[in-house]
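Here the structure comes first, spelled out in structure tokens, and everything after it is commentary.
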Amino acid sequence: MRDSCARDITYLRLSVTELCSFRCRYCMPEEGVPKRPHEEICSPEELVEITRQAVRCGVRKVRLTGGEPLVRRGILDICRGISALEGVEELCLTTNGAALPRLAGPLKEAGLNRLNISLDTLRPDRFAYMTRTGRLEDVLQGLKAAAGAGFTGTKMNVVLMKDFNDDEIPDFVDLARRFPLEVRFIELMPIGEGGNAQFLPAEAVLEACPDLRPAEGAGVARRYRPPGGRGLVGLIEPMSHRFCGECDRIRVTADGRLKPCLHSDQEIPLRGLTGEALRQAIAAGITAKPQRHHMTETGHSDAKRNMHQIGG
Ligand code: SAM
Ligand code: SF4
């Protein structure tokens, strides 16, 4: 289905939990977030029904996110239910990777097609500082487990931060040279705990690695290939405004509210709806999708939630 700006909306990002095993400084408060009563969060059956109706509106690709989707009890049931729906061409999941040594194999069996693994630094001390509770070694084991379970086309999400990981840009690009991975550098957005002070434009990647060569594009990412490399480098530039025109996505929060745009405060409640009524609510959300966000002008997101509540 097309929105009012003629963008074809084919991609649903479904948040399955607000909770997380990490406390990344740009995403979560140090004390974590209060666990909400079970009944306030969509059940696996509700998530599957939302997806079924979104598919009727033209959605073809679904991403499970959070919080950390792998801490959600029932994540395998959610994957099984959604992957079995006719019309879902690709089921992906974005994770901090720490639980993949245990879950990569079962996720593959449950019908998950692809993984994005978030990793902002390759230095153990920096990793412990940024995530507050995480260990780099667990994520590296998670990457291995994903490959071992047969996942291909894995992407690595790297949030660029000035004076934190800008000196590691060549190391990340080197990963894309050595492994069949797409390393995606993401601009830090002023949402939730994410401020402006550490913002670094994704253009910095091209300055640090001038040998990168343009490759075929993929949706909101500008893509490059390291010469002779096995993988790709992607730039995701929500702040430098190379994003909204190609945006093909809608989001649903773990408590069942449709967000037509990550950075708008507009939310459409979906809970309690099923069948045609639910399809109509989702279609109304697609129609209401704004043309673009205004973070670049205002310096802040209009979303009234943190990233761990929306799913990035
Ligand atoms: N816990 C999972 C993870 O970290 O991959 C999934 C949820 S997380 C909110 C999804 C993505 O959003 C991660 O790659 C994370 O780095 C990114 N993210 C969180 N806050 C951000 C911010 N303020 N600006 C840019 N990216 C952000
Ligand atoms: Fe958790 Fe992901 Fe947020 Fe880090 S970015 S605190 S791993 S939800």
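Ligands are numbered from 1 in the order shown, chains are lettered A, B, ... in the order of the structure tokens, and residues start at 1 in each chain.
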
List every residue of range 189-231 of chain A that DSSP, applied to the backbone of this structure, assigns to strand (DSSP E), and report them as a list in words. Arg213, Pro214, Ala221, Arg222, Arg223, Tyr224 and Arg225 of chain A

List the neighbours of range 153-163 of chain A out to 7 Å using only C-alpha atoms; skip same-chain residues closer than 4 positions along the sequence, and give me the result as a PDB file with N, CA and C atoms, in the first residue's frame.
ATOM      1  N   ARG A 114      17.082 -13.797   8.738  1.00  0.00           N
ATOM      2  CA  ARG A 114      18.300 -12.976   8.754  1.00  0.00           C
ATOM      3  C   ARG A 114      18.458 -12.251  10.065  1.00  0.00           C
ATOM      4  N   LEU A 115      19.713 -11.914  10.386  1.00  0.00           N
ATOM      5  CA  LEU A 115      20.025 -11.222  11.639  1.00  0.00           C
ATOM      6  C   LEU A 115      20.754  -9.910  11.391  1.00  0.00           C
ATOM      7  N   ASN A 116      20.442  -8.892  12.182  1.00  0.00           N
ATOM      8  CA  ASN A 116      21.303  -7.715  12.327  1.00  0.00           C
ATOM      9  C   ASN A 116      21.853  -7.775  13.747  1.00  0.00           C
ATOM     10  N   ILE A 117      23.158  -7.680  13.872  1.00  0.00           N
ATOM     11  CA  ILE A 117      23.781  -7.747  15.195  1.00  0.00           C
ATOM     12  C   ILE A 117      24.435  -6.399  15.471  1.00  0.00           C
ATOM     13  N   SER A 118      24.093  -5.795  16.603  1.00  0.00           N
ATOM     14  CA  SER A 118      24.604  -4.465  16.925  1.00  0.00           C
ATOM     15  C   SER A 118      25.934  -4.587  17.659  1.00  0.00           C
ATOM     16  N   LEU A 119      26.919  -3.836  17.198  1.00  0.00           N
ATOM     17  CA  LEU A 119      28.237  -3.874  17.832  1.00  0.00           C
ATOM     18  C   LEU A 119      28.925  -2.546  17.542  1.00  0.00           C
ATOM     19  N   ASP A 120      29.118  -1.723  18.576  1.00  0.00           N
ATOM     20  CA  ASP A 120      29.615  -0.360  18.363  1.00  0.00           C
ATOM     21  C   ASP A 120      31.122  -0.221  18.550  1.00  0.00           C
ATOM     22  N   LEU A 181      29.992  -9.912   5.398  1.00  0.00           N
ATOM     23  CA  LEU A 181      29.113  -9.177   6.315  1.00  0.00           C
ATOM     24  C   LEU A 181      28.781  -7.823   5.713  1.00  0.00           C
ATOM     25  N   GLU A 182      27.613  -7.264   5.993  1.00  0.00           N
ATOM     26  CA  GLU A 182      27.411  -5.845   5.679  1.00  0.00           C
ATOM     27  C   GLU A 182      27.540  -5.065   6.988  1.00  0.00           C
ATOM     28  N   VAL A 183      28.544  -4.216   7.073  1.00  0.00           N
ATOM     29  CA  VAL A 183      28.744  -3.380   8.256  1.00  0.00           C
ATOM     30  C   VAL A 183      28.021  -2.059   8.011  1.00  0.00           C
ATOM     31  N   ARG A 184      27.034  -1.769   8.843  1.00  0.00           N
ATOM     32  CA  ARG A 184      26.213  -0.567   8.619  1.00  0.00           C
ATOM     33  C   ARG A 184      26.508   0.482   9.684  1.00  0.00           C
ATOM     34  N   PHE A 185      27.040   1.598   9.234  1.00  0.00           N
ATOM     35  CA  PHE A 185      27.311   2.702  10.156  1.00  0.00           C
ATOM     36  C   PHE A 185      26.048   3.556  10.253  1.00  0.00           C
ATOM     37  N   ILE A 186      25.574   3.770  11.476  1.00  0.00           N
ATOM     38  CA  ILE A 186      24.306   4.476  11.698  1.00  0.00           C
ATOM     39  C   ILE A 186      24.584   5.795  12.415  1.00  0.00           C
ATOM     40  N   GLU A 187      23.992   6.861  11.936  1.00  0.00           N
ATOM     41  CA  GLU A 187      24.154   8.148  12.625  1.00  0.00           C
ATOM     42  C   GLU A 187      23.375   8.151  13.937  1.00  0.00           C
ATOM     43  N   LEU A 188      24.025   8.641  14.986  1.00  0.00           N
ATOM     44  CA  LEU A 188      23.392   8.752  16.303  1.00  0.00           C
ATOM     45  C   LEU A 188      22.232   9.741  16.228  1.00  0.00           C
ATOM     46  N   GLN A 198      27.793  13.776  20.666  1.00  0.00           N
ATOM     47  CA  GLN A 198      28.686  12.781  20.068  1.00  0.00           C
ATOM     48  C   GLN A 198      28.353  12.493  18.615  1.00  0.00           C
ATOM     49  N   PHE A 199      27.442  13.288  18.047  1.00  0.00           N
ATOM     50  CA  PHE A 199      27.023  13.029  16.660  1.00  0.00           C
ATOM     51  C   PHE A 199      28.199  13.133  15.692  1.00  0.00           C
ATOM     52  N   LEU A 200      28.250  12.194  14.787  1.00  0.00           N
ATOM     53  CA  LEU A 200      29.274  12.190  13.748  1.00  0.00           C
ATOM     54  C   LEU A 200      28.575  11.849  12.431  1.00  0.00           C
TER      55      LEU A 200
END

Which residues sit within 8 Å of ligand 2, counting only C-alpha atoms and all ligand atoms, listed as a list in words? Glu18, Leu19, Cys20, Ser21, Phe22, Arg23, Cys24, Arg25, Tyr26, Cys27, Met28, Gly66, Gly67, Glu68, Thr95, Asn96, Ser118, Thr131, Met307, His308, Gly311 and Gly312 of chain A

Would you list, as a compact mmCIF listing (two decimals) with N, CA and C atoms, in the first residue's frame, the residues of range 50-295 of chain A that end up in alpha helix (DSSP H) under DSSP run on this structure's backbone?
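Everything below was put into result.txt:
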# COMPACT_ATOMS: atom_id res chain seq x y z
N ILE A 50 -1.37 -8.99 14.22
CA ILE A 50 -0.98 -7.67 13.68
C ILE A 50 -0.22 -7.86 12.36
N THR A 51 0.70 -8.83 12.35
CA THR A 51 1.48 -9.05 11.13
C THR A 51 0.58 -9.54 10.00
N ARG A 52 -0.34 -10.44 10.33
CA ARG A 52 -1.25 -10.97 9.29
C ARG A 52 -1.99 -9.82 8.62
N GLN A 53 -2.48 -8.88 9.41
CA GLN A 53 -3.26 -7.77 8.83
C GLN A 53 -2.34 -6.76 8.13
N ALA A 54 -1.11 -6.62 8.63
CA ALA A 54 -0.15 -5.72 7.95
C ALA A 54 0.19 -6.28 6.57
N VAL A 55 0.28 -7.61 6.47
CA VAL A 55 0.54 -8.24 5.17
C VAL A 55 -0.59 -7.91 4.20
N ARG A 56 -1.81 -7.87 4.70
CA ARG A 56 -2.95 -7.50 3.82
C ARG A 56 -2.82 -6.05 3.33
N ILE A 75 9.91 -15.90 22.23
CA ILE A 75 10.44 -15.37 20.97
C ILE A 75 10.41 -16.43 19.86
N LEU A 76 10.62 -17.71 20.24
CA LEU A 76 10.62 -18.74 19.19
C LEU A 76 9.20 -18.97 18.67
N ASP A 77 8.20 -18.90 19.56
CA ASP A 77 6.79 -19.02 19.11
C ASP A 77 6.45 -17.86 18.18
N ILE A 78 6.92 -16.66 18.52
CA ILE A 78 6.65 -15.48 17.69
C ILE A 78 7.25 -15.70 16.29
N CYS A 79 8.50 -16.19 16.26
CA CYS A 79 9.16 -16.44 14.96
C CYS A 79 8.40 -17.50 14.17
N ARG A 80 8.03 -18.58 14.84
CA ARG A 80 7.30 -19.66 14.13
C ARG A 80 6.01 -19.13 13.56
N GLY A 81 5.26 -18.37 14.35
CA GLY A 81 3.95 -17.87 13.91
C GLY A 81 4.06 -16.92 12.73
N ILE A 82 5.03 -16.01 12.81
CA ILE A 82 5.14 -15.00 11.74
C ILE A 82 5.74 -15.62 10.48
N SER A 83 6.74 -16.49 10.64
CA SER A 83 7.37 -17.06 9.44
C SER A 83 6.39 -17.96 8.68
N LEU A 100 22.86 -15.16 21.34
CA LEU A 100 22.88 -15.99 20.12
C LEU A 100 23.60 -17.33 20.30
N PRO A 101 24.64 -17.42 21.16
CA PRO A 101 25.24 -18.74 21.33
C PRO A 101 24.19 -19.78 21.73
N ARG A 102 23.21 -19.39 22.51
CA ARG A 102 22.14 -20.32 22.94
C ARG A 102 21.02 -20.40 21.92
N LEU A 103 20.73 -19.28 21.24
CA LEU A 103 19.47 -19.22 20.48
C LEU A 103 19.61 -19.22 18.95
N ALA A 104 20.83 -19.10 18.42
CA ALA A 104 20.95 -19.00 16.95
C ALA A 104 20.32 -20.21 16.25
N GLY A 105 20.65 -21.41 16.71
CA GLY A 105 20.12 -22.63 16.08
C GLY A 105 18.60 -22.69 16.18
N PRO A 106 18.03 -22.56 17.39
CA PRO A 106 16.56 -22.59 17.51
C PRO A 106 15.87 -21.50 16.70
N LEU A 107 16.48 -20.31 16.57
CA LEU A 107 15.85 -19.23 15.77
C LEU A 107 15.82 -19.64 14.30
N LYS A 108 16.89 -20.25 13.83
CA LYS A 108 16.94 -20.70 12.44
C LYS A 108 15.82 -21.72 12.20
N GLU A 109 15.70 -22.66 13.14
CA GLU A 109 14.66 -23.69 13.01
C GLU A 109 13.26 -23.09 13.08
N PRO A 124 37.19 -4.50 24.17
CA PRO A 124 36.44 -4.99 25.33
C PRO A 124 36.15 -3.91 26.38
N ASP A 125 37.15 -3.03 26.66
CA ASP A 125 36.93 -2.01 27.71
C ASP A 125 35.89 -1.00 27.26
N ARG A 126 35.93 -0.58 26.01
CA ARG A 126 34.94 0.37 25.51
C ARG A 126 33.55 -0.27 25.48
N PHE A 127 33.54 -1.55 25.11
CA PHE A 127 32.25 -2.25 25.03
C PHE A 127 31.60 -2.29 26.42
N ALA A 128 32.39 -2.63 27.42
CA ALA A 128 31.85 -2.71 28.79
C ALA A 128 31.36 -1.33 29.23
N TYR A 129 32.10 -0.28 28.86
CA TYR A 129 31.70 1.09 29.23
C TYR A 129 30.37 1.45 28.56
N MET A 130 30.27 1.22 27.25
CA MET A 130 29.09 1.68 26.50
C MET A 130 27.84 0.90 26.85
N THR A 131 27.97 -0.41 27.04
CA THR A 131 26.78 -1.24 27.28
C THR A 131 26.46 -1.36 28.77
N LEU A 136 32.02 -8.01 25.42
CA LEU A 136 32.29 -8.12 23.99
C LEU A 136 32.38 -9.59 23.56
N GLU A 137 33.03 -10.40 24.39
CA GLU A 137 33.25 -11.80 24.02
C GLU A 137 31.93 -12.53 23.72
N ASP A 138 30.87 -12.19 24.47
CA ASP A 138 29.58 -12.86 24.24
C ASP A 138 29.05 -12.54 22.84
N VAL A 139 29.22 -11.28 22.41
CA VAL A 139 28.71 -10.88 21.10
C VAL A 139 29.54 -11.53 19.99
N LEU A 140 30.87 -11.59 20.20
CA LEU A 140 31.72 -12.25 19.20
C LEU A 140 31.35 -13.73 19.08
N GLN A 141 31.07 -14.37 20.22
CA GLN A 141 30.61 -15.77 20.18
C GLN A 141 29.25 -15.85 19.48
N GLY A 142 28.43 -14.80 19.68
CA GLY A 142 27.11 -14.76 19.04
C GLY A 142 27.23 -14.69 17.53
N LEU A 143 28.17 -13.88 17.05
CA LEU A 143 28.41 -13.78 15.61
C LEU A 143 28.81 -15.14 15.04
N LYS A 144 29.70 -15.83 15.77
CA LYS A 144 30.14 -17.16 15.32
C LYS A 144 28.97 -18.13 15.31
N ALA A 145 28.16 -18.06 16.37
CA ALA A 145 27.03 -18.99 16.48
C ALA A 145 26.04 -18.76 15.33
N ALA A 146 25.85 -17.49 14.95
CA ALA A 146 24.92 -17.17 13.86
C ALA A 146 25.42 -17.83 12.57
N ALA A 147 26.72 -17.67 12.28
CA ALA A 147 27.27 -18.28 11.06
C ALA A 147 27.17 -19.80 11.16
N GLY A 148 27.46 -20.34 12.34
CA GLY A 148 27.42 -21.79 12.54
C GLY A 148 26.02 -22.36 12.36
N ILE A 169 36.70 3.15 12.82
CA ILE A 169 36.02 3.00 11.52
C ILE A 169 36.82 2.06 10.59
N PRO A 170 38.16 2.26 10.44
CA PRO A 170 38.90 1.35 9.56
C PRO A 170 38.85 -0.11 10.02
N ASP A 171 38.79 -0.34 11.34
CA ASP A 171 38.73 -1.73 11.83
C ASP A 171 37.40 -2.38 11.43
N PHE A 172 36.31 -1.61 11.53
CA PHE A 172 35.02 -2.15 11.11
C PHE A 172 34.98 -2.39 9.60
N VAL A 173 35.54 -1.45 8.84
CA VAL A 173 35.57 -1.63 7.38
C VAL A 173 36.39 -2.87 7.04
N ASP A 174 37.44 -3.10 7.82
CA ASP A 174 38.27 -4.28 7.59
C ASP A 174 37.47 -5.57 7.80
N LEU A 175 36.51 -5.55 8.74
CA LEU A 175 35.65 -6.73 8.93
C LEU A 175 34.87 -7.02 7.65
N ALA A 176 34.39 -5.92 6.99
CA ALA A 176 33.63 -6.09 5.74
C ALA A 176 34.53 -6.56 4.61
N ARG A 177 35.84 -6.32 4.76
CA ARG A 177 36.79 -6.81 3.76
C ARG A 177 36.99 -8.32 3.94
N ARG A 178 37.08 -8.74 5.20
CA ARG A 178 37.47 -10.13 5.48
C ARG A 178 36.32 -11.11 5.54
N GLU A 203 29.32 10.49 6.67
CA GLU A 203 30.32 10.88 5.68
C GLU A 203 31.74 10.64 6.22
N ALA A 204 31.90 10.66 7.55
CA ALA A 204 33.22 10.44 8.17
C ALA A 204 33.79 9.09 7.77
N VAL A 205 32.92 8.12 7.48
CA VAL A 205 33.39 6.79 7.07
C VAL A 205 34.12 6.89 5.74
N LEU A 206 33.57 7.70 4.82
CA LEU A 206 34.20 7.84 3.49
C LEU A 206 35.50 8.61 3.61
N GLU A 207 35.56 9.54 4.58
CA GLU A 207 36.82 10.29 4.77
C GLU A 207 37.89 9.37 5.36
N ALA A 208 37.47 8.49 6.30
CA ALA A 208 38.44 7.59 6.94
C ALA A 208 38.89 6.47 6.00
N GLY A 275 -8.80 -8.84 12.73
CA GLY A 275 -9.42 -8.95 11.42
C GLY A 275 -9.49 -7.62 10.67
N GLU A 276 -10.64 -7.35 10.05
CA GLU A 276 -10.79 -6.18 9.18
C GLU A 276 -10.60 -4.87 9.95
N ALA A 277 -11.05 -4.82 11.21
CA ALA A 277 -10.89 -3.58 11.98
C ALA A 277 -9.41 -3.27 12.20
N LEU A 278 -8.64 -4.32 12.44
CA LEU A 278 -7.19 -4.14 12.63
C LEU A 278 -6.55 -3.73 11.31
N ARG A 279 -6.94 -4.36 10.22
CA ARG A 279 -6.38 -3.99 8.91
C ARG A 279 -6.64 -2.51 8.62
N GLN A 280 -7.85 -2.06 8.93
CA GLN A 280 -8.19 -0.66 8.66
C GLN A 280 -7.36 0.30 9.51
N ALA A 281 -7.11 -0.07 10.77
CA ALA A 281 -6.30 0.79 11.65
C ALA A 281 -4.87 0.89 11.11
N ILE A 282 -4.34 -0.24 10.63
CA ILE A 282 -2.97 -0.23 10.08
C ILE A 282 -2.94 0.61 8.80
N ALA A 283 -3.95 0.44 7.96
CA ALA A 283 -4.02 1.23 6.71
C ALA A 283 -4.10 2.72 7.04
N ALA A 284 -4.83 3.08 8.10
CA ALA A 284 -4.92 4.49 8.49
C ALA A 284 -3.55 5.01 8.92
N GLY A 285 -2.78 4.15 9.60
CA GLY A 285 -1.43 4.53 10.03
C GLY A 285 -0.52 4.77 8.83
N ILE A 286 -0.65 3.93 7.82
CA ILE A 286 0.18 4.10 6.62
C ILE A 286 -0.17 5.42 5.93
N THR A 287 -1.46 5.69 5.84
CA THR A 287 -1.88 6.94 5.19
C THR A 287 -1.36 8.15 5.97
N MET A 295 14.18 16.46 12.99
CA MET A 295 15.25 16.46 13.99
C MET A 295 16.40 17.36 13.61

So how far away is CA of Gly97 in chain A from CA of Arg249 in chain A, in Å? 23.4 Å

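One distance worth recording is that between CA of Met239 in chain A and CA of Pro190 in chain A, which is 9.2 Å.
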
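Between CA of Cys247 in chain A and CA of Ala6 in chain A there is a distance of 10.7 Å.
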
If we count only C-alpha atoms, what is near Val59 in chain A at a cut-off of 9 Å, once residues fewer than 6 positions away on the same chain are taken out, given as a ChimeraX atom specification? /A:1,9-12,51,53,87-88,249

Pick the closest to ligand 1 from A:Ala215, A:Leu70, A:Leu270, A:Val233: which is it, counting only C-alpha atoms and all ligand atoms?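 Closest to ligand 1 of all the choices is A:Leu70.
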
Which is closer to ligand 1 than all the others in A:Ala110, A:Ile191, A:Ile236, A:Val71, using only C-alpha atoms and all ligand atoms?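 Nearest to ligand 1: A:Ile191.
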